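K.L.:
I'd like to ask some things about the structure below.
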Amino acid sequence: MRIQLQVALTHLTGRRRQTLVSLTGVVLGVAFFLAVSSLMRGSEQDFIKRLVDNSPHITISDEVRRPRTQPAERRWASGAVKIRNVKPQTETRGIRGYREKLALIEAIGGLRVAPVLVGSAVLTFAGREEGVTLSGIVPKTMKTVSTIQDKMTEGSLDALDVNPNGIVIGTGLAEKFNLGLGRNLTVVAASGASRAMKVVGLFRTGNASFDETQTFTLLKRAQVMLERPNRVNRLLIQLDDAYAARTVAQRIEDATGDKSVSWVEASEDILSVLVVRNIIMYSVVSAILIVASFGIYNTLSTIVLEKTRDIAILKSMGFHARDIRLIFLFEGVIIGLIGSLFGLALGAGLMHVLSLVQIKPPGVSDKVFLPIWWGAQQFVLATAFAMASCILAAWLPARRAGRVHPVEILRGAA
Amino acid sequence: MSAVLRAENLVRVLPGEVPVTLVNDVSFAIERGEFICIMGPSGSGKSSLLYLLGLLDVPTSGRVWLDGEETSRYGEDDLASRRLEKLGFVFQFHFLLAEFSVIDNVTLPIRRLGRLDESAARARGLELLDRLGVVDQGAKYPHQLSGGQRQRVAIARALANDPLILLADEPTGNLDSASGGTVRQILHDLAHEMGKTVVAVTHDAAFAAAADRRIGIVDGKIDVDWQAV
């Protein structure tokens with residue numbers, strides 16, 4: 001064993017009780033750091049997951065952001081042609097050539113895409129009328145980009161394939177109309193077309209406005225109803241890696257010219273709130289470790305004072321100032337390592353207990369478990385922060401010890 | 001014979017509102033294998049001189065040569081390295097580390113120097129303890145030993161890295177006359193039989209009588225430099 005390490009261990013075991021107190025501080029600090037940050041990160045991820053999963057990662061809509069190149073520009077490609085105030089045409093609504101674009105997007109890989117035609121309609125049932133959003137979908141592709149299938153309480157999206165006159169509505173709307181699965185209602189589209197449709201599925205997302213105003217029908221049926229044959233106005237994309245959404249959206253927009261909005265772009269405000277929340281959380285949990293590091297500082301300062309004579313004798317023997325500093329830094333590192341080890345174990349235990357806790361948020365019928373994130377990142381972060389504060393706490397006493405002048409001490413002690 | 005330690009115009013002044021001159025213009029040379037006593041009344045500056053010779057303290061002016069090396073340019077770390085390799089200290093108080101066993105105390109400098117592995121360091125430590133007649137105390141802790149035994153362990157530790165010079169500051173000052181006699185004999189034998197250079201500061205007339213050379217210090221200056229013929 002290195003001699004400096006042995007001296008360090010001897011110092012720590014010589015003051016067992018104080019060492020234990022410092023150690024307890026680090027253990028508790030690391031444990032709380034780990035448990036609280038895992039809970040916060042868990043809830044953040046839970047939140048983002050909801051955000052990401054409940055809406056498509058990328059939505060391509062029929063707004064053309066980039067105007068088409070004008071004939072003059074095409075004719076004189078290298079000429080000094082500049083045409084100002086060109087606006088994209090908007091009269092032909094919907095995504096042009098969506099089948100080609102679908103193929104283009106699918107070729108990117110690592111994603112699933114679904115075409116949707118969104119329009120508005122009025123549902124009437126038993127004398128009541130409700131304005132709704134009518135989305136024409138292809139059930140097979142819609143299921144791959146949306147969690148709506150998991151939110152079905154009765155019936156299914158696939159029932160639309162079986163019954164072309166079927167419609168899927170939210171439970172909120174069903175309650176308003178006081179109707180259930182299998183009942184017929186009348187759908188009047190904005191174009192004036194009207195048709196009796198049968199409720200073949202009910203969904204419940206928990207988002208009240210969505211549950212009350214969203215309806216799904218077959219894409220073909222919607223195209224007929226909205227008088228937009230062979231056209232869609234949304235392409236919904238779900239990615240394997242949700243965090244690639246921004247770059248993929250940019251690529252698609254560059255390739256197709258259609259407005260592509262990623263979930264990141266759409267939820268920037270919420271994401272920035274989460275960052276602020278993380279900063280607050282990390283500063284609070286770090287404070288625990290900083291307080292713990294004062295304990296270490298205190299212990300090591302006491303040892304330095306108590307062992308001044310030993311330090312002087314080691315220096316007279318030929319130990320360098322850095323050997324002495326190393327001894328006290330080792331003491332900080334030892335407390336940090338052992339404290340982190342037990343702290344991580346205690347923290348993991350706390351996390352396990354927390355993950356068993358069920359809570360019932362107000363207004364929600366089902367109980368949910370506390371979201372705990374078991375990511376290695378939190379464990380590493382807790383250890384790194386504990387080690388940093390231990391070394392920092394040891395540094396000041398170590399520096400003081402390194403400065404001990406042997407002659408002054410030996411002269412006084414003789 | 002070459003001078004193993006040489007002092008030239010050494011001055012040490014303690015700075016302060018009223019500066020105190022501890023050592024005032026001292027020059028002399030010590031040959032290899034000499035047994036020297038530095039004597040003088042309390043406060044004469046003899047310990048301060050020893051600290052300067054032992055590279056523990058830095059002179060205000062003047063120079064010290066150790067083993068042919070001029071040391072005034074050296075920084076703290078260089079001086080520490082020279083102490084580790086070439087010098088051994090024995091103080092009035094034993095200054096053993098209380099939490100370390102006797103053998104661990106003795107092997108401390110060997111392990112710091114790092115030229116011997118753990119087992120060789122231990123063997124060397126036991127050999128030294130044996131030579132000083134305390135090998136059976138190796139596993140004990142300093143507080144379990146008598147004063148004389150502790151001082152012998154301290155000498156063993158000072159000899160751990162086979163230094164050129166052993167510097168002793170009142171090595172018998174805290175001992176009864178019997179133990180003091182033993183320590184005196186040990187230092188005497190080290191000089192005369194092992195060829196070590198021994199520089200000791202002492203009050204003890206009997207101790208000084210055994211030395212080859214006696215340097216008397218008064219008010220920081222050399223008063224007498226007596227050499228046995």
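Here's how to read the names in the structure tokens: chain A, B, ... by the order shown, residue numbers from 1 in each chain, ligand numbers from 1 in the order shown.
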Return the neighbours of chain A among the residues of chain B, cut-off 7 Å, counting only C-alpha atoms, as a PyMOL selection string.
P.N.:
chain B and resi 56-57+77+80-81+83-84+92-93+95+97+99+109+111-112
K.L.:
Excluding Gly43 of chain B and any residue of its chain fewer than 5 positions from it, enumerate the residues within 9 Å of it, using only C-alpha atoms, and give them as an NGL selection string.
P.N.:
:B and (22 or 218-220)
K.L.:
Mind listing the strand (DSSP E) residues of chain B, per DSSP on the backbone, as number ranges by chain?
P.N.:
B: 3-14, 20-31, 35-39, 61-66, 69-70, 87-90, 165-169, 197-202, 213-218, 221-227
K.L.:
Report, in Å to a single decimal, how far apart atom CA of Ile165 of chain B and atom CA of Leu55 of chain B are.
P.N.:
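About the pair atom CA of Leu55 of chain B and atom CA of Ile165 of chain B: they are 11.7 Å apart.
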K.L.:
So, counting only C-alpha atoms, which residue among A:Val285, A:Ile279, A:Ile391, A:Leu396 is closest to Ser37 of chain A?
P.N.:
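Smallest distance to Ser37 of chain A is found for A:Val285.
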K.L.:
Pull the alpha helix (DSSP H) assignments for segment 164-288 of chain A out of DSSP run on the backbone, and list those residues as number ranges by chain.
P.N.:
A: 171-177, 208-213, 219-225, 245-256, 263-266, 268-288
K.L.:
Which residue out of A:Gly332, A:Gly180, A:Gly25, A:Pro139 has the minimum interatomic distance to Trp395 of chain A when only C-alpha atoms are used?
P.N.:
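Ranking A:Gly332, A:Gly180, A:Gly25, A:Pro139 by distance to Trp395 of chain A, first place goes to A:Gly332.
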K.L.:
Would you list the contacts of segment 203-205 of chain B as a PDB file with N, CA and C atoms, in the first residue's frame, taking every protein, DNA or RNA residue within 12 Å and counting only C-alpha atoms, but skipping same-chain residues closer than 5 positions in sequence?
P.N.:
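This went into result-v1.pdb:
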```pdb
ATOM      1  N   CYS B  37      29.910  17.106  18.425  1.00  0.00           N
ATOM      2  CA  CYS B  37      28.910  17.647  19.334  1.00  0.00           C
ATOM      3  C   CYS B  37      28.878  19.156  19.209  1.00  0.00           C
ATOM      4  N   ILE B  38      27.682  19.692  19.113  1.00  0.00           N
ATOM      5  CA  ILE B  38      27.526  21.139  19.154  1.00  0.00           C
ATOM      6  C   ILE B  38      26.974  21.460  20.530  1.00  0.00           C
ATOM      7  N   MET B  39      27.682  22.269  21.263  1.00  0.00           N
ATOM      8  CA  MET B  39      27.296  22.548  22.641  1.00  0.00           C
ATOM      9  C   MET B  39      27.057  24.039  22.824  1.00  0.00           C
ATOM     10  N   GLY B  40      26.351  24.353  23.878  1.00  0.00           N
ATOM     11  CA  GLY B  40      26.134  25.759  24.148  1.00  0.00           C
ATOM     12  C   GLY B  40      24.982  25.928  25.096  1.00  0.00           C
ATOM     13  N   PRO B  41      24.860  27.082  25.708  1.00  0.00           N
ATOM     14  CA  PRO B  41      23.759  27.317  26.637  1.00  0.00           C
ATOM     15  C   PRO B  41      22.431  27.397  25.886  1.00  0.00           C
ATOM     16  N   SER B  42      21.336  27.361  26.665  1.00  0.00           N
ATOM     17  CA  SER B  42      20.014  27.486  26.066  1.00  0.00           C
ATOM     18  C   SER B  42      19.925  28.789  25.293  1.00  0.00           C
ATOM     19  N   GLY B  43      19.309  28.706  24.135  1.00  0.00           N
ATOM     20  CA  GLY B  43      19.091  29.921  23.356  1.00  0.00           C
ATOM     21  C   GLY B  43      20.317  30.425  22.645  1.00  0.00           C
ATOM     22  N   SER B  44      21.377  29.597  22.613  1.00  0.00           N
ATOM     23  CA  SER B  44      22.597  30.056  21.954  1.00  0.00           C
ATOM     24  C   SER B  44      22.496  29.897  20.443  1.00  0.00           C
ATOM     25  N   LYS B  46      22.143  26.781  18.931  1.00  0.00           N
ATOM     26  CA  LYS B  46      22.731  25.530  18.454  1.00  0.00           C
ATOM     27  C   LYS B  46      21.715  24.666  17.716  1.00  0.00           C
ATOM     28  N   SER B  47      20.456  24.641  18.222  1.00  0.00           N
ATOM     29  CA  SER B  47      19.433  23.875  17.513  1.00  0.00           C
ATOM     30  C   SER B  47      19.144  24.498  16.155  1.00  0.00           C
ATOM     31  N   GLN B  92      14.995  15.432  20.564  1.00  0.00           N
ATOM     32  CA  GLN B  92      14.942  15.215  22.013  1.00  0.00           C
ATOM     33  C   GLN B  92      13.749  14.337  22.363  1.00  0.00           C
ATOM     34  N   ALA B 168      21.336  14.867  15.434  1.00  0.00           N
ATOM     35  CA  ALA B 168      20.603  14.590  16.660  1.00  0.00           C
ATOM     36  C   ALA B 168      20.485  15.865  17.475  1.00  0.00           C
ATOM     37  N   ASP B 169      19.249  16.159  17.882  1.00  0.00           N
ATOM     38  CA  ASP B 169      19.005  17.367  18.672  1.00  0.00           C
ATOM     39  C   ASP B 169      18.681  16.940  20.093  1.00  0.00           C
ATOM     40  N   GLU B 170      19.648  17.095  20.990  1.00  0.00           N
ATOM     41  CA  GLU B 170      19.479  16.675  22.387  1.00  0.00           C
ATOM     42  C   GLU B 170      18.919  15.259  22.489  1.00  0.00           C
ATOM     43  N   PRO B 171      19.576  14.282  21.884  1.00  0.00           N
ATOM     44  CA  PRO B 171      18.983  12.934  21.829  1.00  0.00           C
ATOM     45  C   PRO B 171      18.833  12.285  23.196  1.00  0.00           C
ATOM     46  N   THR B 172      19.577  12.752  24.186  1.00  0.00           N
ATOM     47  CA  THR B 172      19.472  12.135  25.502  1.00  0.00           C
ATOM     48  C   THR B 172      18.767  13.046  26.497  1.00  0.00           C
ATOM     49  N   GLY B 173      18.263  14.158  25.994  1.00  0.00           N
ATOM     50  CA  GLY B 173      17.675  15.172  26.865  1.00  0.00           C
ATOM     51  C   GLY B 173      16.507  14.698  27.706  1.00  0.00           C
ATOM     52  N   ASN B 174      15.734  13.747  27.178  1.00  0.00           N
ATOM     53  CA  ASN B 174      14.543  13.293  27.884  1.00  0.00           C
ATOM     54  C   ASN B 174      14.727  11.943  28.566  1.00  0.00           C
ATOM     55  N   LEU B 175      15.971  11.465  28.602  1.00  0.00           N
ATOM     56  CA  LEU B 175      16.178  10.098  29.082  1.00  0.00           C
ATOM     57  C   LEU B 175      16.867  10.088  30.439  1.00  0.00           C
ATOM     58  N   ASP B 176      16.619   9.003  31.198  1.00  0.00           N
ATOM     59  CA  ASP B 176      17.376   8.821  32.440  1.00  0.00           C
ATOM     60  C   ASP B 176      18.812   8.483  32.073  1.00  0.00           C
ATOM     61  N   SER B 177      19.704   8.488  33.060  1.00  0.00           N
ATOM     62  CA  SER B 177      21.124   8.376  32.728  1.00  0.00           C
ATOM     63  C   SER B 177      21.477   7.021  32.111  1.00  0.00           C
ATOM     64  N   GLY B 180      20.190   7.121  28.573  1.00  0.00           N
ATOM     65  CA  GLY B 180      21.017   8.118  27.901  1.00  0.00           C
ATOM     66  C   GLY B 180      22.371   7.530  27.549  1.00  0.00           C
ATOM     67  N   GLY B 181      22.913   6.746  28.471  1.00  0.00           N
ATOM     68  CA  GLY B 181      24.196   6.105  28.225  1.00  0.00           C
ATOM     69  C   GLY B 181      24.136   5.166  27.035  1.00  0.00           C
ATOM     70  N   ARG B 184      23.923   7.160  23.872  1.00  0.00           N
ATOM     71  CA  ARG B 184      25.233   7.756  23.613  1.00  0.00           C
ATOM     72  C   ARG B 184      26.166   6.726  22.984  1.00  0.00           C
ATOM     73  N   ALA B 210      32.390  12.020  24.599  1.00  0.00           N
ATOM     74  CA  ALA B 210      32.629  10.901  23.697  1.00  0.00           C
ATOM     75  C   ALA B 210      32.894  11.356  22.270  1.00  0.00           C
ATOM     76  N   ALA B 211      32.664  12.652  21.984  1.00  0.00           N
ATOM     77  CA  ALA B 211      32.731  13.124  20.603  1.00  0.00           C
ATOM     78  C   ALA B 211      34.160  13.331  20.138  1.00  0.00           C
ATOM     79  N   ARG B 214      34.193  19.003  19.308  1.00  0.00           N
ATOM     80  CA  ARG B 214      33.145  19.740  20.014  1.00  0.00           C
ATOM     81  C   ARG B 214      33.152  21.184  19.536  1.00  0.00           C
ATOM     82  N   ILE B 215      32.000  21.636  19.151  1.00  0.00           N
ATOM     83  CA  ILE B 215      31.885  23.030  18.720  1.00  0.00           C
ATOM     84  C   ILE B 215      31.008  23.744  19.732  1.00  0.00           C
ATOM     85  N   GLY B 216      31.548  24.766  20.348  1.00  0.00           N
ATOM     86  CA  GLY B 216      30.774  25.530  21.316  1.00  0.00           C
ATOM     87  C   GLY B 216      30.163  26.750  20.647  1.00  0.00           C
ATOM     88  N   ILE B 217      28.866  26.937  20.890  1.00  0.00           N
ATOM     89  CA  ILE B 217      28.157  28.066  20.283  1.00  0.00           C
ATOM     90  C   ILE B 217      27.718  29.011  21.388  1.00  0.00           C
TER      91      ILE B 217
END
```
K.L.:
If I take atom CA of Gln144 of chain B and atom CA of Ile103 of chain B, how far is one from the other in Å, to one decimal?
P.N.:
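Result for atom CA of Gln144 of chain B versus atom CA of Ile103 of chain B: 13.3 Å, one decimal.
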K.L.:
Which value, in Å to one decimal, gives the distance between atom CA of Phe32 of chain A and atom CA of Leu329 of chain A?
P.N.:
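Atom CA of Leu329 of chain A lies 24.5 Å from atom CA of Phe32 of chain A.
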K.L.:
Pick the closest to Asp225 of chain B from B:Ala98, B:Val90, B:Ala29, B:Val106: which is it, counting only C-alpha atoms?
P.N.:
B:Ala29
